[in-house]
$ cat upload_28.cif   # mmCIF, C-alpha atoms (C1' of nucleotides)
data_input
loop_
_atom_site.label_atom_id
_atom_site.label_comp_id
_atom_site.auth_asym_id
_atom_site.auth_seq_id
_atom_site.Cartn_x
_atom_site.Cartn_y
_atom_site.Cartn_z
CA MET O 189 235.14 22.57 153.84
CA LYS O 190 233.99 24.52 156.90
CA LEU O 191 231.53 27.32 156.35
CA PRO O 192 233.66 30.50 156.60
CA ASP O 193 233.19 33.18 159.23
CA SER O 194 231.77 35.47 156.54
CA TYR O 195 228.82 33.10 156.12
CA TYR O 196 227.64 33.92 159.64
CA GLN O 197 227.92 37.69 159.30
CA SER O 198 224.61 38.13 157.47
CA ASN O 199 222.24 40.51 159.22
CA ASP O 200 219.20 38.53 158.03
CA VAL O 201 218.96 35.83 160.69
CA VAL O 202 215.67 34.49 159.31
CA ALA O 203 217.15 33.92 155.86
CA LEU O 204 220.16 32.27 157.47
CA ALA O 205 217.95 29.94 159.52
CA ARG O 206 216.36 28.86 156.24
CA ASP O 207 219.75 28.44 154.56
CA LEU O 208 221.09 26.30 157.39
CA ILE O 209 218.58 23.58 156.48
CA GLY O 210 220.69 20.88 154.80
CA LYS O 211 224.03 22.11 156.16
CA TYR O 212 226.13 19.57 158.04
CA LEU O 213 226.90 19.99 161.74
CA PHE O 214 229.81 18.15 163.36
CA THR O 215 231.38 17.82 166.78
CA ASN O 216 234.70 16.19 167.59
CA LEU O 217 234.87 15.61 171.35
CA ASP O 218 237.07 13.10 173.18
CA GLY O 219 238.23 11.79 169.82
CA GLN O 220 234.67 10.96 168.80
CA LEU O 221 233.34 12.43 165.56
CA THR O 222 229.57 12.85 165.38
CA GLY O 223 227.34 14.80 163.04
CA GLY O 224 224.61 15.02 160.46
CA TYR O 225 222.67 17.52 158.45
CA ILE O 226 220.33 20.08 159.92
CA VAL O 227 216.63 19.49 159.27
CA GLU O 228 215.00 21.96 161.68
CA THR O 229 215.91 25.47 162.86
CA GLU O 230 214.41 28.56 164.49
CA ALA O 231 215.53 32.18 164.18
CA TYR O 232 215.78 34.50 167.20
CA ALA O 233 215.95 38.04 165.90
CA GLY O 234 217.77 40.36 168.24
CA ILE O 235 216.54 42.88 170.75
CA ILE O 236 213.08 43.42 169.22
CA ASP O 237 212.13 39.72 169.34
CA LYS O 238 210.15 39.01 172.50
CA ALA O 239 211.03 35.32 172.32
CA SER O 240 214.77 36.01 172.42
CA HIS O 241 216.87 36.05 175.56
CA ALA O 242 218.28 39.33 174.29
CA TYR O 243 214.87 41.03 173.98
CA GLY O 244 215.03 44.62 175.15
CA ASP O 245 218.83 44.62 174.78
CA ARG O 246 219.27 42.45 177.87
CA ARG O 247 223.04 42.14 178.24
CA THR O 248 223.75 39.66 181.00
CA PRO O 249 226.46 37.08 181.67
CA ARG O 250 224.34 34.51 179.88
CA THR O 251 223.33 36.54 176.84
CA GLN O 252 226.71 38.13 176.18
CA THR O 253 227.55 35.22 173.89
CA MET O 254 224.72 36.30 171.60
CA TYR O 255 226.33 39.73 171.29
CA MET O 256 229.54 38.28 169.89
CA GLN O 257 230.37 38.45 166.22
CA GLY O 258 228.53 35.77 164.19
CA GLY O 259 230.25 32.41 163.90
CA VAL O 260 230.26 31.14 167.47
CA ALA O 261 228.07 28.72 169.41
CA TYR O 262 225.65 29.88 172.11
CA VAL O 263 224.88 27.02 174.48
CA TYR O 264 222.59 27.45 177.47
CA LEU O 265 220.65 25.37 179.97
CA CYS O 266 216.87 25.22 179.72
CA TYR O 267 214.47 23.89 182.37
CA GLY O 268 217.49 22.99 184.46
CA ILE O 269 217.88 19.83 182.42
CA HIS O 270 218.50 20.39 178.74
CA GLU O 271 221.34 22.17 176.97
CA MET O 272 220.54 23.87 173.68
CA LEU O 273 222.76 24.77 170.76
CA ASN O 274 222.40 28.05 168.87
CA ILE O 275 224.44 29.49 166.04
CA VAL O 276 225.23 33.16 166.68
CA THR O 277 224.92 35.31 163.56
CA SER O 278 225.35 38.91 162.36
CA VAL O 279 227.96 41.39 163.52
CA GLU O 280 229.20 42.14 167.02
CA ASP O 281 226.57 43.76 169.29
CA GLN O 282 223.71 42.40 167.17
CA PRO O 283 222.37 39.48 169.26
CA HIS O 284 220.91 37.27 166.54
CA ALA O 285 220.96 33.49 166.77
CA VAL O 286 219.58 30.33 165.17
CA LEU O 287 218.42 27.46 167.39
CA ILE O 288 219.30 24.03 166.00
CA ARG O 289 216.22 21.91 166.71
CA ALA O 290 216.88 18.70 164.79
CA VAL O 291 219.58 16.90 162.82
CA ASP O 292 219.47 13.89 160.49
CA PRO O 293 222.42 11.90 161.89
CA THR O 294 225.00 10.48 159.48
CA ILE O 295 228.27 10.02 161.39
CA GLY O 296 229.00 8.53 164.81
CA LEU O 297 225.64 6.86 165.35
CA ASP O 298 226.96 4.49 168.02
CA VAL O 299 228.55 7.34 169.97
CA MET O 300 225.27 9.26 169.87
CA ARG O 301 223.35 6.18 170.93
CA TYR O 302 225.66 5.81 173.95
CA ARG O 303 225.36 9.48 174.89
CA ARG O 304 221.59 9.22 174.71
CA ASN O 305 221.46 5.97 176.71
CA MET O 306 219.53 4.25 173.95
CA ALA O 307 219.66 0.51 173.31
CA VAL O 308 218.67 0.95 169.68
CA ILE O 309 218.63 3.96 167.39
CA LYS O 310 215.26 5.67 167.14
CA PRO O 311 214.32 8.95 165.42
CA THR O 312 214.16 10.69 168.80
CA ILE O 313 217.96 10.39 169.04
CA THR O 314 218.45 13.83 167.47
CA SER O 315 214.87 15.15 167.42
CA GLY O 316 214.41 18.35 169.41
CA PRO O 317 217.02 20.87 170.60
CA GLY O 318 217.80 19.12 173.88
CA SER O 319 218.27 15.83 172.08
CA VAL O 320 220.57 17.30 169.41
CA ALA O 321 222.88 18.77 172.04
CA LYS O 322 223.00 15.58 174.07
CA ALA O 323 223.63 13.32 171.08
CA LEU O 324 226.44 15.55 169.82
CA GLY O 325 227.97 15.93 173.29
CA ILE O 326 227.36 19.69 173.35
CA SER O 327 227.36 21.36 176.77
CA ARG O 328 227.88 24.80 178.26
CA LYS O 329 231.59 23.98 178.43
CA ILE O 330 231.79 24.90 174.76
CA ASN O 331 229.60 28.00 174.99
CA ALA O 332 231.07 30.80 172.83
CA ILE O 333 233.40 28.43 170.96
CA SER O 334 234.28 29.41 167.39
CA LEU O 335 232.70 27.49 164.54
CA GLN O 336 236.14 27.54 162.90
CA SER O 337 237.41 25.32 165.74
CA ASP O 338 238.05 21.60 165.42
CA VAL O 339 235.51 20.85 168.16
CA LEU O 340 232.30 22.20 166.61
CA TRP O 341 231.75 23.35 163.04
CA LEU O 342 229.41 23.39 160.02
CA GLU O 343 230.01 22.33 156.44
CA ASP O 344 228.25 22.78 153.11
CA ARG O 345 228.35 19.38 151.41
CA GLY O 346 226.17 20.41 148.49
CA LEU O 347 222.92 19.20 149.99
CA SER O 348 220.01 21.59 149.59
CA PHE O 349 216.24 21.55 149.76
CA ALA O 350 213.84 23.40 147.48
CA ASP O 351 211.40 25.83 149.06
CA GLU O 352 208.50 23.44 148.54
CA GLU O 353 210.34 20.82 150.60
CA VAL O 354 210.78 23.17 153.54
CA ALA O 355 207.94 24.23 155.84
CA THR O 356 207.92 27.76 157.29
CA VAL O 357 205.86 27.99 160.48
CA PRO O 358 205.69 29.71 163.90
CA ARG O 359 208.19 28.73 166.56
CA VAL O 360 207.68 26.12 169.27
CA GLY O 361 207.36 26.79 172.99
CA VAL O 362 207.41 30.58 172.89
CA ASP O 363 203.82 31.45 173.82
CA TYR O 364 205.19 33.88 176.39
CA ALA O 365 206.39 36.06 173.48
CA LYS O 366 202.78 37.04 172.68
CA GLU O 367 202.42 38.41 169.16
CA ASP O 368 206.02 37.51 168.29
CA ALA O 369 205.14 33.86 168.94
CA LEU O 370 203.26 33.95 165.62
CA LEU O 371 206.25 34.99 163.51
CA PRO O 372 207.13 32.35 160.87
CA TYR O 373 210.68 31.82 162.11
CA ARG O 374 210.73 28.01 162.25
CA PHE O 375 211.93 25.96 159.30
CA TYR O 376 211.97 22.21 158.79
CA VAL O 377 212.27 19.57 156.09
CA LYS O 378 208.77 18.27 155.38
CA GLY O 379 208.36 14.61 156.21
CA ASN O 380 211.82 14.14 157.72
CA LYS O 381 211.50 11.74 160.64
CA TYR O 382 213.97 13.61 162.82
CA VAL O 383 211.94 16.83 162.86
CA SER O 384 210.53 17.45 166.36
CA LYS O 385 206.87 17.06 167.09
CA PRO O 386 204.56 19.32 165.10
CA ASN O 387 205.83 18.40 161.63
CA ARG O 388 202.77 18.33 159.44
"C1'" DG X 177 218.91 36.82 199.72
"C1'" DA X 178 214.42 35.14 197.91
"C1'" DT X 179 211.37 34.01 194.29
"C1'" DC X 180 209.79 32.78 189.67
"C1'" DG X 181 209.71 30.11 185.72
"C1'" DG X 182 211.69 28.42 181.27
"C1'" DA X 183 213.67 28.33 173.10
"C1'" DT X 184 212.00 20.48 176.82
"C1'" DT X 185 211.89 15.66 177.31
"C1'" DG X 186 210.38 11.25 178.62
"C1'" DA X 187 207.74 8.41 181.64
"C1'" DC X 188 203.33 7.20 182.76
"C1'" DT X 189 197.79 6.96 182.61
"C1'" DG Z 172 196.59 13.01 177.03
"C1'" DT Z 173 199.08 14.72 181.75
"C1'" DC Z 174 202.97 15.89 184.53
"C1'" DA Z 175 207.41 15.71 187.10
"C1'" DA Z 176 212.28 16.55 186.73
"C1'" DT Z 177 215.83 20.05 188.10
"C1'" DC Z 178 219.08 24.15 187.83
"C1'" DC Z 179 220.26 28.60 187.40
"C1'" DG Z 180 219.47 33.09 185.13
"C1'" DA Z 181 216.77 37.15 185.72
"C1'" DT Z 182 214.57 40.14 188.62
"C1'" DC Z 183 213.36 42.46 192.77
"C1'" DA Z 184 214.50 43.69 197.58
#
$ encode --input "upload_28.cif" --output "structure tokens"
Amino acid sequence: MKLPDSYYQSNDVVALARDLIGKYLFTNLDGQLTGGYIVETEAYAGIIDKASHAYGDRRTPRTQTMYMQGGVAYVYLCYGIHEMLNIVTSVEDQPHAVLIRAVDPTIGLDVMRYRRNMAVIKPTITSGPGSVAKALGISRKINAISLQSDVLWLEDRGLSFADEEVATVPRVGVDYAKEDALLPYRFYVKGNKYVSKPNR
DNA sequence: GATCGGATTGACT
DNA sequence: GTCAATCCGATCA
């Protein structure tokens, strides 16, 4: 059921970001199962990508997770407020990762609603990287955890989207990366209500 | 030891 | 549409 470690070893992080659209993401924390299928991703392509934390081969305590062999989670804190989930890919010492920006929730809706402090379920529950992590209970405590674990993992349940159903556009919030900010490394399911803001 | 600012969100005008 | 929140990683001294 779980995507095998070999799936994450690809050295083409952009192709993998595209392939992750439609894959299911689950967490099992405190006995609570939550998950859904991925509808929005962004690729961060190693040491030559100015938008990546690992640009210029920056090995630091934070980025060392990205240098691990593909198949682990990279979780970090952004703006002092939001935790973000990335899927580390490629081989050891190649710091490639895919940011999970949105999920279409299918399991554990009430648990997610509680974690998000929402009275009723709205599309914003898992829309945007900070929201996905919060709804699924993901924090830095599980940084570097294996995706073969029983805490956090991905599955292929046979769902897939044709190329014409998936938009390929520049990434969000990376203006500081100058020309690399224009790279078409963001993928999302057209028209899906859980996709974060610019979705047309 | 000090300073800068971010792979964002949500509340408010 | 604007803007505050809020922490710590990265960088420089």
$ interface_residues --input "upload_28.cif" --of "chain O" --to "chain Z" --cutoff "9 Å" --atoms "all atoms listed in the file" --output "PyMOL selection string"
chain O and resi 248-250+265-269
$ interface_residues --input "upload_28.cif" --of "chain O" --to "chain X" --cutoff "10 Å" --atoms "only C-alpha atoms (C1' of nucleotides)" --output "CSV table (one decimal) with C-alpha atoms, in the coordinates of the input"
chain,number,residue,atom,x,y,z
O,230,GLU,CA,214.4,28.6,164.5
O,231,ALA,CA,215.5,32.2,164.2
O,232,TYR,CA,215.8,34.5,167.2
O,239,ALA,CA,211.0,35.3,172.3
O,240,SER,CA,214.8,36.0,172.4
O,241,HIS,CA,216.9,36.0,175.6
O,264,TYR,CA,222.6,27.4,177.5
O,265,LEU,CA,220.6,25.4,180.0
O,266,CYS,CA,216.9,25.2,179.7
O,267,TYR,CA,214.5,23.9,182.4
O,268,GLY,CA,217.5,23.0,184.5
O,269,ILE,CA,217.9,19.8,182.4
O,270,HIS,CA,218.5,20.4,178.7
O,271,GLU,CA,221.3,22.2,177.0
O,272,MET,CA,220.5,23.9,173.7
O,274,ASN,CA,222.4,28.0,168.9
O,287,LEU,CA,218.4,27.5,167.4
O,289,ARG,CA,216.2,21.9,166.7
O,316,GLY,CA,214.4,18.4,169.4
O,317,PRO,CA,217.0,20.9,170.6
O,318,GLY,CA,217.8,19.1,173.9
O,319,SER,CA,218.3,15.8,172.1
O,359,ARG,CA,208.2,28.7,166.6
O,360,VAL,CA,207.7,26.1,169.3
O,361,GLY,CA,207.4,26.8,173.0
O,362,VAL,CA,207.4,30.6,172.9
O,364,TYR,CA,205.2,33.9,176.4
$ resolve_selection --input "upload_28.cif" --expression "the PyMOL selection byres ((chain O and resi 242) around 10)" --output "VMD selection string"
chain O and resid 232 to 241 243 to 248 250 to 252 254 to 255 282 to 285
$ atom_distance --input "upload_28.cif" --atom1 "CA of Ser348 in chain O" --atom2 "CA of Gly379 in chain O"
15.1 Å
$ resolve_selection --input "upload_28.cif" --expression "the PyMOL selection byres ((chain O and resi 257) around 8)" --output "PyMOL selection string"
chain O and resi 197+255-256+258-260+276-282
$ resolve_selection --input "upload_28.cif" --expression "the PyMOL selection byres ((chain O and resi 343) around 10)" --output "ChimeraX atom specification"
/O:189-192,208,210-214,224-225,335,341-342,344-346
$ residues_around --input "upload_28.cif" --residues "Asn216 in chain O" --least-positions-apart "3" --cutoff "6 Å" --atoms "all atoms listed in the file" --output "ChimeraX atom specification"
/O:220-221,339
$ atom_distance --input "upload_28.cif" --atom1 "CA of Tyr382 in chain O" --atom2 "CA of Gln336 in chain O"
26.2 Å
$ atom_distance --input "upload_28.cif" --atom1 "CA of Ala290 in chain O" --atom2 "CA of Leu324 in chain O"
11.3 Å
$ closest_residue --input "upload_28.cif" --among "O:Ala307, O:Pro358, O:Ala369, O:Thr215" --to "Ile295 in chain O" --atoms "only C-alpha atoms"
O:Thr215
$ decode --input "upload_28.cif" --residues "chain Z" --atoms "C-alpha atoms (C1' of nucleotides)" --output "PDB file, in the first residue's frame"
ATOM      1  C1'  DG Z 172      -7.172  45.425  -0.442  1.00  0.00           C
ATOM      2  C1'  DT Z 173      -3.680  45.962   3.910  1.00  0.00           C
ATOM      3  C1'  DC Z 174      -1.110  44.273   7.762  1.00  0.00           C
ATOM      4  C1'  DA Z 175       0.207  42.104  12.218  1.00  0.00           C
ATOM      5  C1'  DA Z 176       1.604  37.845  14.341  1.00  0.00           C
ATOM      6  C1'  DT Z 177       5.842  35.480  16.111  1.00  0.00           C
ATOM      7  C1'  DC Z 178      10.070  32.394  16.276  1.00  0.00           C
ATOM      8  C1'  DC Z 179      14.258  30.890  15.048  1.00  0.00           C
ATOM      9  C1'  DG Z 180      17.611  29.951  11.326  1.00  0.00           C
ATOM     10  C1'  DA Z 181      21.193  32.231   8.867  1.00  0.00           C
ATOM     11  C1'  DT Z 182      24.602  35.484   8.801  1.00  0.00           C
ATOM     12  C1'  DC Z 183      27.927  38.679  10.455  1.00  0.00           C
ATOM     13  C1'  DA Z 184      30.802  40.401  14.301  1.00  0.00           C
TER      14       DA Z 184
END
